[in-house]
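One structure is given below, encoded as structure tokens.
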Amino acid sequence: MTAVLEVEALHAGYGPVPVLRDVAFTVPAGTVAAVLGANGAGKTTLLRTLSGLLRPTGGRIRYAGEDLRGVRVEHLVRRGLAHVPEGRGVVTELTVAENLRLGGLWRRDRADARRARDEVYEIFPALARRRDHLGHQLSGGERQMLALGRALIARPRLLLLDEPSLGLAPTVAAQIMALLRRLRDEQGLTVLLVEQNVRTALSVADQGIVMSLGRVVTAAPAARLRDDDRLRHAYLGF
Amino acid sequence: MTTPRTGSTLLRHLAGAVLAGTLVVLLTNQLPPYENLQVARVCAFLCVTAGHTVLVGLNGQLSLGHGALMATGAYTVALVQRGLDERAVGGGWWVLPGSLLAAVAVTALGGLVVGLAAARLRGPYLAGVTLAVATLVPAVTTIFTGVFNGEQGLRFPAQAPPAALGPYFQPERWLAWIALAAALLTMLLLANLVRSRYGRSLRAVRDDEVAARLAGIPVARTQVLAFVVSAGCAGLGGGVYAVLTATVAPGKFPLDLSLFLLMAIVIGGLGSLAGAVWGALLLVALQDLPALLTEHLDLSTGLAQRLEGNLALAVFGLILIVVMLAAPGGLQGGVRALATRLRAAVRRAPDR
Amino acid sequence: MQRFWFLTFDGLAAGAVYAAFALALVLIWRAARVVNFAQGAMAVATAYVGYAVVGATGSYWLGLAAAVLAGLALGALVERVLMRFVGPAGPLNQVIVALGLVLLVQAVLGMVFGNGYRPAPAPFDTDALTVGGVAALSPYDLWVLGAALTVVALLALLFTRTPVGLRMRAAAFAPEVSRLLGVSVGRMLTLGWALAAGVGALAGMLVVPTGLGLHPHAMDLVFVVAFTAAVVGGLDSPVGAVVGGLLVGLILSYVTGYLGPDTTPLAVLVLLLAVLLVRPGGLFSAARARHV
């Protein structure tokens with residue numbers, strides 16, 4: 001199995017404050033990896049560094065075998081790397097339709113971009129009903145659907161998802177996890193998922209990457225994290 | 001940082017003022033009339049730039065209307081002195097300080113009005129409003145032409161040196177002393193204000209309004225007071241500026257003057273009183289450089305006319321931009337860095 | 001009554017220019033959170049270019065095109081070499097840099113063209129046509145109204161109907177998200193400045209022949225008025241800028257007409273303060289919070 005994402009000895013931070021220290025892991029193609037850990041463990045910083053919003057101070061990020069150093073953020077999505085940031089992923093001043101259109105503007109294949117949009121409306125009928133509503137009129141769940149759906153229009157190979165279940169009703173969160181599972185199984189999508197809600201994350205993940213204070217403390221198959229009481233107690237606190 | 005320290009600071013400022021004053025007085029004794037007038041103009045501008053830099057640099061309120069505040073002070077002095085002269089009570093020694101005091105009071109009142117509005121405005125909004133204030137001078141002097149005599153402006157009796165100085169005392173030297181006294185007074189007051197608790201409030205409000213409010217600083221009152229103080233200084237400077245020529249006219253206070261003032265304090269070093277001195281020097285240089293330049297360069301009259309004023313302005317405009325982008329400390333920041341390096345070098349020297 | 005109608009038409013024509021100029025301010029404010037205090041000076045500079053071309057070719061239309069092109073280029077240049085490097089260190093710095101640009105541009109214009117007034121002929125008759133005994137708009141006023149409103153309409157189309165318009169809006173509202181979606185935010189910012197300066201250049205070409213004359217300070221007061229118009233409409237709202245421009249044009253026309261031209265700056269200040277103190281978000285402020 002080839003790795004879509006390989007991270008080696010990654011260091012990053014804000015100004016002089018280091019946040020990520022010596023982070024390393026691999027995400028094989030067609031799998032879901034969940035990054036777990038408490039608040040302030042550096043999960044969001046990790047995603048921001050992976051998508052180039054934050055410049056690493058050391059180490060290497062290889063995506064599909066390529067070094068990502070020097071690649072501009074706005075070019076990553078063209079290479080199939082989509083990042084759905086935490087909370088603010090939706091442009092609230094634009095309508096649902098405009099947000100989705102924005103997701104496919106860079107695509108040359110206009111017909112497929114339209115097809116991808118229709119698929120998103122199919123997956124999330126709520127969005128189709130609220131097509132002409134502005135982003136700020138949507139509920140939290142609808143916003144999350146919109147941000148996720150918009151990322152899918154890029155037909156990504158690797159999806160970076162930051163707290164997709166945050167503030168959502170459990171049923172909606174479960175629905176989104178089910179969708180991720182389906183995309184992985186049917187389209188071979190690779191997902192790096194940041195979650196606070198460990199149970200939700202492990203319900204879909206193949207691999208769990210546990211972070212604490214900016215370091216990876218353990219990376220193990222999700223099943224082991226789920227079933228090994230010792231690991232679970234030590235790192236995940238339940 | 002308690003009472004004894006404050007006392008020594010006051011003394012130190014006082015000693016500095018006396019020293020600076022003595023030096024300038026000695027200097028004026030050597031200078032010919034025109035150069036003394038230049039010294040006087042620097043001192044008059046220093047009143048304005050010092051107050052302006054406290055408002056913009058220390059309190060973070062960007063005023064583009066200080067030219068209009070200067071005009072307020074200048075017109076007040078002219079009106080008061082003319083009024084006294086017409087009623088034949090002029091000529092006393094108290095006319096000058098009295099009219100300057102009136103200038104400070106009236107301009108501070110104007111500053112209060114603008115400041116009350118400003119305390120509710122931020123950033124570009126405040127800049128826009130004060131810019132609108134700066135455009136007012138010609139309009140107001142024309143509307144109330146009966147009072148301000150429109151574009152012609154007003155003349156009032158020139159300030160003659162007191163008889164005690166002897167019959168041959170250079171009038172320009174006397175003017176320089178007047179302006180010097182005003183400048184020293186302003187600097188002394190502002191230097192102490194900046195070092196006081198109120199000065200710390202000014203900076204706290206600039207840096208973070210919310211944090212300042214949480215720390216119990218009355219943000220709005222601090223801002224309004226900063227505007228009042230700054231306006232008072234501008235009024236004094238404008239008043240002295242009018243005394244130097246014994247005339248006022250709207251043409252002396254164009255919109256550009258307000259921009260020049262801002263440029264001067266930024267290039268001098270925003271928020272620093274020493275930077276305000278640089279700024280005042282710069283303003284006089286800006287007025288005098290062009291003539292010097294065209295005089296000494298052999299240029300055709302047409303070209304000389306176009307370069308006059310504009311060349312210096314273009315250079316200073318460029319410097320202003322470069323300072324903002326590359327050296328926010330301005331001239332004074334550069335001087336300070338140099339001084340630090342020198343001191344370090346001196347300290348190292350004995351070891352060798 | 002006749003005078004009232006005359007002032008109304010006159011105010012609308014002037015207001016159309018203020019609207020276009022205010023719209024240019026709003027464009028940059030929305031894109032970069034900067035009030036471009038140099039916009040007046042930049043517009044004057046492009047008007048000089050325009051009238052230089054008019055003088056050389058004899059064609060007003062070539063001059064107009066040259067001015068707008070110069071505006072687009074100047075706007076892009078200012079963003080690329082100046083504003084981009086000011087950074088977000090507070091709105092103070094951006095305003096000061098813009099004011100430095102004002103001094104620089106005006107001084108350079110003075111050096112190249114002289115500080116004196118230059119003639120700036122209008123392409124159409126500026127005498128008012130009489131309709132039913134009422135002096136209404138002049139042919140030039142009609143051209144100004146038409147040109148300004150056409151530009152407003154074209155901009156509206158650009159922003160709501162084209163991919164690049166969508167990109168520009170997204171980049172302004174949510175720069176980070178836009179980058180993640182493949183939008184080159186830096187380029188959109190440059191484009192925004194270019195467009196705004198182009199619109200400003202057009203507004204400058206329209207307003208200069210209306211009695212202002214062409215000189216380095218021609219747009220000083222126009223800028224303050226346009227700023228007022230933008231504030232009246234709420235700096236964030238393009239529609240507000242247009243309505244604000246027309247409104248301010250009308251108000252100033254009445255004030256000037258009935259109280260005398262010298263009262264204009266006073267009226268502008270009163271209007272500006274009234275709006276800012278009573279309704280700081282402008283008459284058309286969207287009453288919703290961002291990023292909820």
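Here's how to read the names in the structure tokens: chain A, B, ... by the order shown, residue numbers from 1 in each chain, ligand numbers from 1 in the order shown.
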
At most 6 Å to chain A: residues in chain C, only C-alpha atoms, as a PDB file with C-alpha atoms, in the first residue's frame:
```
ATOM      1  CA  ARG C 179      -6.623  30.153  -0.468  1.00  0.00           C
ATOM      2  CA  LEU C 180      -7.500  26.622   0.596  1.00  0.00           C
ATOM      3  CA  LEU C 181     -10.027  26.591  -2.235  1.00  0.00           C
ATOM      4  CA  GLY C 182      -7.398  27.545  -4.781  1.00  0.00           C
ATOM      5  CA  VAL C 183      -8.045  31.290  -4.940  1.00  0.00           C
ATOM      6  CA  SER C 184      -4.894  33.366  -5.315  1.00  0.00           C
TER       7      SER C 184
END
```

Distance table requested - chain C against chain B, cut-off 8 Å, only C-alpha atoms: one row per qualifying residue with the closest atom pair and its distance in Å to one decimal, ordered by chain and rising residue number, as a tab-separated table.
```
residue	atom	partner	partner_atom	distance
C:Val34	CA	B:Pro124	CA	7.8
C:Val35	CA	B:Pro124	CA	6.2
C:Phe85	CA	B:Leu325	CA	6.8
C:Val86	CA	B:Leu325	CA	5.9
C:Pro91	CA	B:Gly123	CA	5.6
C:Leu92	CA	B:Gly123	CA	6.2
C:Asn93	CA	B:Met324	CA	6.7
C:Val95	CA	B:Pro124	CA	7.0
C:Ile96	CA	B:Met324	CA	7.6
C:Val97	CA	B:Ile321	CA	5.3
C:Leu99	CA	B:Leu259	CA	7.1
C:Gly100	CA	B:Gly317	CA	4.8
C:Leu101	CA	B:Gly317	CA	6.6
C:Val102	CA	B:Gly317	CA	7.9
C:Leu103	CA	B:Gly317	CA	5.2
C:Leu104	CA	B:Ala314	CA	4.6
C:Val105	CA	B:Ala314	CA	7.5
C:Gln106	CA	B:Ala314	CA	7.9
C:Ala107	CA	B:Asn310	CA	4.5
C:Val108	CA	B:Ala314	CA	6.2
C:Gly110	CA	B:Asn310	CA	6.1
C:Met111	CA	B:Arg306	CA	4.8
C:Val112	CA	B:Arg306	CA	7.2
C:Phe113	CA	B:Arg306	CA	7.5
C:Gly114	CA	B:Arg306	CA	5.0
C:Asn115	CA	B:Arg306	CA	6.9
C:Leu221	CA	B:Thr135	CA	7.4
C:Val224	CA	B:Ala132	CA	6.2
C:Phe227	CA	B:Gly128	CA	7.1
C:Asp262	CA	B:Ala139	CA	5.1
C:Thr263	CA	B:Ala139	CA	6.3
C:Thr264	CA	B:Ala139	CA	7.7
C:Pro265	CA	B:Leu136	CA	5.7
C:Leu266	CA	B:Leu136	CA	6.3
C:Val268	CA	B:Ala132	CA	7.3
C:Leu269	CA	B:Ala132	CA	5.6
C:Leu272	CA	B:Val129	CA	6.9
C:Leu273	CA	B:Val129	CA	7.1
C:Leu276	CA	B:Leu121	CA	7.7
C:Leu277	CA	B:Ala117	CA	7.3
```

Would you save the residues of that selection, restricted to N, CA and C atoms, as a compact mmCIF listing (two decimals), in the first residue's frame?
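Final file, part30.txt:
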```txt
# COMPACT_ATOMS: atom_id res chain seq x y z
N VAL C 34 -8.63 48.79 4.08
CA VAL C 34 -7.84 50.02 4.04
C VAL C 34 -8.72 51.09 3.41
N VAL C 35 -8.76 52.28 4.03
CA VAL C 35 -9.35 53.42 3.33
C VAL C 35 -8.22 54.07 2.56
N PHE C 85 3.18 45.73 1.75
CA PHE C 85 4.24 45.63 2.75
C PHE C 85 3.95 46.42 4.02
N VAL C 86 2.82 47.11 4.05
CA VAL C 86 2.52 47.87 5.26
C VAL C 86 2.13 46.92 6.38
N PRO C 91 -4.43 50.27 11.49
CA PRO C 91 -4.90 51.09 10.37
C PRO C 91 -4.12 52.41 10.27
N LEU C 92 -3.50 52.82 11.37
CA LEU C 92 -2.74 54.06 11.38
C LEU C 92 -1.66 54.04 10.31
N ASN C 93 -0.89 52.95 10.27
CA ASN C 93 0.22 52.86 9.34
C ASN C 93 -0.24 52.93 7.90
N VAL C 95 -2.94 54.33 6.73
CA VAL C 95 -3.39 55.68 6.40
C VAL C 95 -2.18 56.59 6.19
N ILE C 96 -1.17 56.45 7.05
CA ILE C 96 0.00 57.33 6.94
C ILE C 96 0.74 57.07 5.63
N VAL C 97 0.87 55.79 5.27
CA VAL C 97 1.53 55.49 3.99
C VAL C 97 0.74 56.09 2.83
N LEU C 99 -1.10 58.69 2.94
CA LEU C 99 -0.92 60.15 2.94
C LEU C 99 0.47 60.52 2.39
N GLY C 100 1.47 59.68 2.70
CA GLY C 100 2.79 59.90 2.11
C GLY C 100 2.70 59.83 0.59
N LEU C 101 1.87 58.91 0.13
CA LEU C 101 1.67 58.77 -1.32
C LEU C 101 1.01 60.03 -1.89
N VAL C 102 0.07 60.60 -1.12
CA VAL C 102 -0.58 61.84 -1.56
C VAL C 102 0.47 62.93 -1.78
N LEU C 103 1.32 63.12 -0.78
CA LEU C 103 2.35 64.16 -0.88
C LEU C 103 3.25 63.89 -2.06
N LEU C 104 3.67 62.64 -2.21
CA LEU C 104 4.59 62.27 -3.28
C LEU C 104 3.96 62.51 -4.65
N VAL C 105 2.73 61.99 -4.83
CA VAL C 105 2.07 62.11 -6.13
C VAL C 105 1.85 63.59 -6.48
N GLN C 106 1.36 64.36 -5.51
CA GLN C 106 1.09 65.77 -5.80
C GLN C 106 2.38 66.52 -6.12
N ALA C 107 3.45 66.18 -5.39
CA ALA C 107 4.73 66.86 -5.65
C ALA C 107 5.26 66.50 -7.03
N VAL C 108 5.15 65.21 -7.38
CA VAL C 108 5.64 64.79 -8.69
C VAL C 108 4.84 65.46 -9.81
N GLY C 110 3.35 68.29 -9.60
CA GLY C 110 3.77 69.69 -9.62
C GLY C 110 5.08 69.87 -10.36
N MET C 111 6.00 68.92 -10.16
CA MET C 111 7.30 69.01 -10.82
C MET C 111 7.17 68.82 -12.32
N VAL C 112 6.33 67.85 -12.71
CA VAL C 112 6.23 67.53 -14.14
C VAL C 112 5.34 68.52 -14.88
N PHE C 113 4.21 68.87 -14.28
CA PHE C 113 3.23 69.69 -15.00
C PHE C 113 3.09 71.10 -14.46
N GLY C 114 3.72 71.39 -13.33
CA GLY C 114 3.53 72.70 -12.71
C GLY C 114 2.32 72.70 -11.80
N ASN C 115 2.32 73.63 -10.84
CA ASN C 115 1.24 73.66 -9.86
C ASN C 115 0.01 74.40 -10.36
N LEU C 221 -10.93 68.06 -2.10
CA LEU C 221 -12.25 68.14 -1.49
C LEU C 221 -13.17 67.02 -2.00
N VAL C 224 -12.77 64.06 0.16
CA VAL C 224 -13.46 64.15 1.45
C VAL C 224 -14.96 63.91 1.26
N PHE C 227 -15.50 60.24 0.55
CA PHE C 227 -15.35 59.50 1.81
C PHE C 227 -16.64 59.61 2.61
N ASP C 262 -19.28 78.49 -0.28
CA ASP C 262 -18.27 78.40 0.78
C ASP C 262 -18.70 77.49 1.92
N THR C 263 -19.99 77.21 1.99
CA THR C 263 -20.49 76.40 3.11
C THR C 263 -20.26 74.91 2.87
N THR C 264 -19.82 74.54 1.65
CA THR C 264 -19.72 73.11 1.34
C THR C 264 -18.87 72.32 2.34
N PRO C 265 -17.61 72.75 2.62
CA PRO C 265 -16.80 71.94 3.54
C PRO C 265 -17.46 71.79 4.91
N LEU C 266 -18.13 72.84 5.36
CA LEU C 266 -18.81 72.79 6.66
C LEU C 266 -19.94 71.77 6.61
N VAL C 268 -20.17 69.24 4.64
CA VAL C 268 -19.59 67.89 4.55
C VAL C 268 -19.24 67.38 5.93
N LEU C 269 -18.60 68.24 6.72
CA LEU C 269 -18.18 67.83 8.06
C LEU C 269 -19.39 67.50 8.93
N LEU C 272 -20.88 64.23 7.80
CA LEU C 272 -20.01 63.12 8.18
C LEU C 272 -20.15 62.80 9.66
N LEU C 273 -20.09 63.85 10.48
CA LEU C 273 -20.19 63.65 11.92
C LEU C 273 -21.56 63.11 12.29
N LEU C 276 -21.72 59.45 11.41
CA LEU C 276 -20.83 58.62 12.22
C LEU C 276 -21.29 58.53 13.66
N LEU C 277 -21.85 59.61 14.18
CA LEU C 277 -22.24 59.59 15.59
C LEU C 277 -23.61 58.97 15.79
```

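Take CA of Ala31 (chain C) and CA of Ala98 (chain C): the distance between them is 15.9 Å.
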
One-decimal distance in Å that lies between CA of Tyr140 (chain C) and CA of Phe124 (chain C):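 Between CA of Phe124 (chain C) and CA of Tyr140 (chain C) the gap works out to 4.9 Å.
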
Contact residues around Pro280 (chain C) with only C-alpha atoms at 9 Å, ignoring same-chain residues under 4 positions, as a list in words: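 Near neighbours after the sequence-gap exclusion: Leu121 of chain B; Val231, Val232, Gly234, Ala274, Val275, Leu276 and Ser285 of chain C.
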
Got time to write the residues from that selection, N, CA and C atoms, as a JSON list (two decimals), in the first residue's frame?
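So selection-v6.json came out as:
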```json
[["chain", "number", "residue", "atom", "x", "y", "z"],
["B", 121, "LEU", "N", -14.81, 57.38, 17.52],
["B", 121, "LEU", "CA", -14.41, 56.96, 16.17],
["B", 121, "LEU", "C", -13.07, 56.26, 16.22],
["C", 231, "VAL", "N", -19.10, 56.66, 3.77],
["C", 231, "VAL", "CA", -19.46, 56.46, 5.18],
["C", 231, "VAL", "C", -20.98, 56.50, 5.34],
["C", 232, "VAL", "N", -21.63, 57.41, 4.61],
["C", 232, "VAL", "CA", -23.09, 57.49, 4.67],
["C", 232, "VAL", "C", -23.68, 56.14, 4.27],
["C", 234, "GLY", "N", -22.16, 53.32, 4.47],
["C", 234, "GLY", "CA", -21.53, 52.20, 5.17],
["C", 234, "GLY", "C", -20.38, 51.72, 4.32],
["C", 274, "ALA", "N", -22.59, 63.68, 11.66],
["C", 274, "ALA", "CA", -23.95, 63.25, 11.99],
["C", 274, "ALA", "C", -24.10, 61.76, 11.73],
["C", 275, "VAL", "N", -23.65, 61.32, 10.57],
["C", 275, "VAL", "CA", -23.79, 59.89, 10.24],
["C", 275, "VAL", "C", -22.96, 59.03, 11.18],
["C", 276, "LEU", "N", -21.72, 59.45, 11.41],
["C", 276, "LEU", "CA", -20.83, 58.62, 12.22],
["C", 276, "LEU", "C", -21.29, 58.53, 13.66],
["C", 285, "SER", "N", -25.97, 49.78, 6.69],
["C", 285, "SER", "CA", -25.13, 48.79, 7.34],
["C", 285, "SER", "C", -25.90, 47.48, 7.45]]
```

What residues in region 38-155 of chain B get the DSSP label alpha helix (DSSP H)? Please answer as a ChimeraX atom specification. /B:38-53,66-86,95-118,123-134,136-143,145-148

Students should find that CA of Ala24 (chain C) and CA of Leu235 (chain C) are spaced 10.5 Å

Ranking A:Ala41, A:Ala234, A:Val4, A:Ala12 by minimum distance to Ala64 (chain A) and counting only C-alpha atoms, which one comes first? A:Val4

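Comparing the minimum interatomic distances between Glu172 (chain B) and each of B:Ala327, B:Leu31, B:Leu338, B:Leu69, counting only C-alpha atoms, we find that B:Leu31 sits nearest.
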
Counting only C-alpha atoms, the option among A:Ala3, A:Leu46, A:Ala169, A:Leu161 closest to Pro18 (chain A):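 Of A:Ala3, A:Leu46, A:Ala169, A:Leu161, the one nearest Pro18 (chain A), counting only C-alpha atoms, is A:Leu46.
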
Identify, with DSSP run on backbone atoms, the residues in region 111-237 of chain A assigned to strand (DSSP E), and express the list as a PyMOL selection string. chain A and resi 158-162+190-195+207-212+215-221

Please produce an output containing C-alpha atoms for each residue in the selection, written as a PDB file, in the first residue's frame.
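Output contents, as saved in result24.pdb:
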```pdb
ATOM      1  CA  LEU A 158      -6.459  13.593   0.580  1.00  0.00           C
ATOM      2  CA  LEU A 159      -8.969  15.317   2.780  1.00  0.00           C
ATOM      3  CA  LEU A 160      -7.835  17.170   5.905  1.00  0.00           C
ATOM      4  CA  LEU A 161     -10.810  17.606   8.212  1.00  0.00           C
ATOM      5  CA  ASP A 162     -10.674  19.734  11.347  1.00  0.00           C
ATOM      6  CA  THR A 190      -7.658   9.238   2.099  1.00  0.00           C
ATOM      7  CA  VAL A 191      -8.690  11.228   5.159  1.00  0.00           C
ATOM      8  CA  LEU A 192      -6.778  12.851   7.983  1.00  0.00           C
ATOM      9  CA  LEU A 193      -9.357  13.627  10.604  1.00  0.00           C
ATOM     10  CA  VAL A 194      -8.823  15.824  13.645  1.00  0.00           C
ATOM     11  CA  GLU A 195     -11.310  15.089  16.382  1.00  0.00           C
ATOM     12  CA  GLN A 207      -5.473   4.459  12.375  1.00  0.00           C
ATOM     13  CA  GLY A 208      -5.301   6.636  15.470  1.00  0.00           C
ATOM     14  CA  ILE A 209      -2.541   9.174  15.940  1.00  0.00           C
ATOM     15  CA  VAL A 210      -2.521  10.408  19.533  1.00  0.00           C
ATOM     16  CA  MET A 211      -0.909  13.780  20.167  1.00  0.00           C
ATOM     17  CA  SER A 212      -0.004  15.486  23.389  1.00  0.00           C
ATOM     18  CA  ARG A 215       4.274  15.426  20.003  1.00  0.00           C
ATOM     19  CA  VAL A 216       2.919  12.172  18.657  1.00  0.00           C
ATOM     20  CA  VAL A 217       2.737   9.918  21.680  1.00  0.00           C
ATOM     21  CA  THR A 218       1.423   6.916  19.865  1.00  0.00           C
ATOM     22  CA  ALA A 219       0.227   5.886  16.435  1.00  0.00           C
ATOM     23  CA  ALA A 220      -1.654   2.635  16.340  1.00  0.00           C
ATOM     24  CA  PRO A 221      -4.403   0.835  14.439  1.00  0.00           C
TER      25      PRO A 221
END
```

Env of region 48-55 of chain C: 7 Å cut, atoms = only C-alpha atoms, seq-sep filter 3 positions within chain, self excluded. Answer as a list in words.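 Here the answer would be Val44, Ala45, Gly58, Ser59, Tyr60, Leu62, Gly63, Leu64, Ala66, Ala67 and Ala120 of chain C.
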
Who sits within 9 Å of Arg3 (chain C), only C-alpha atoms, same chain under 4 positions skipped, as a list in words: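 Non-adjacent residues within range: Leu7, Thr8, Val134, Ala135 and Gly257 of chain C.
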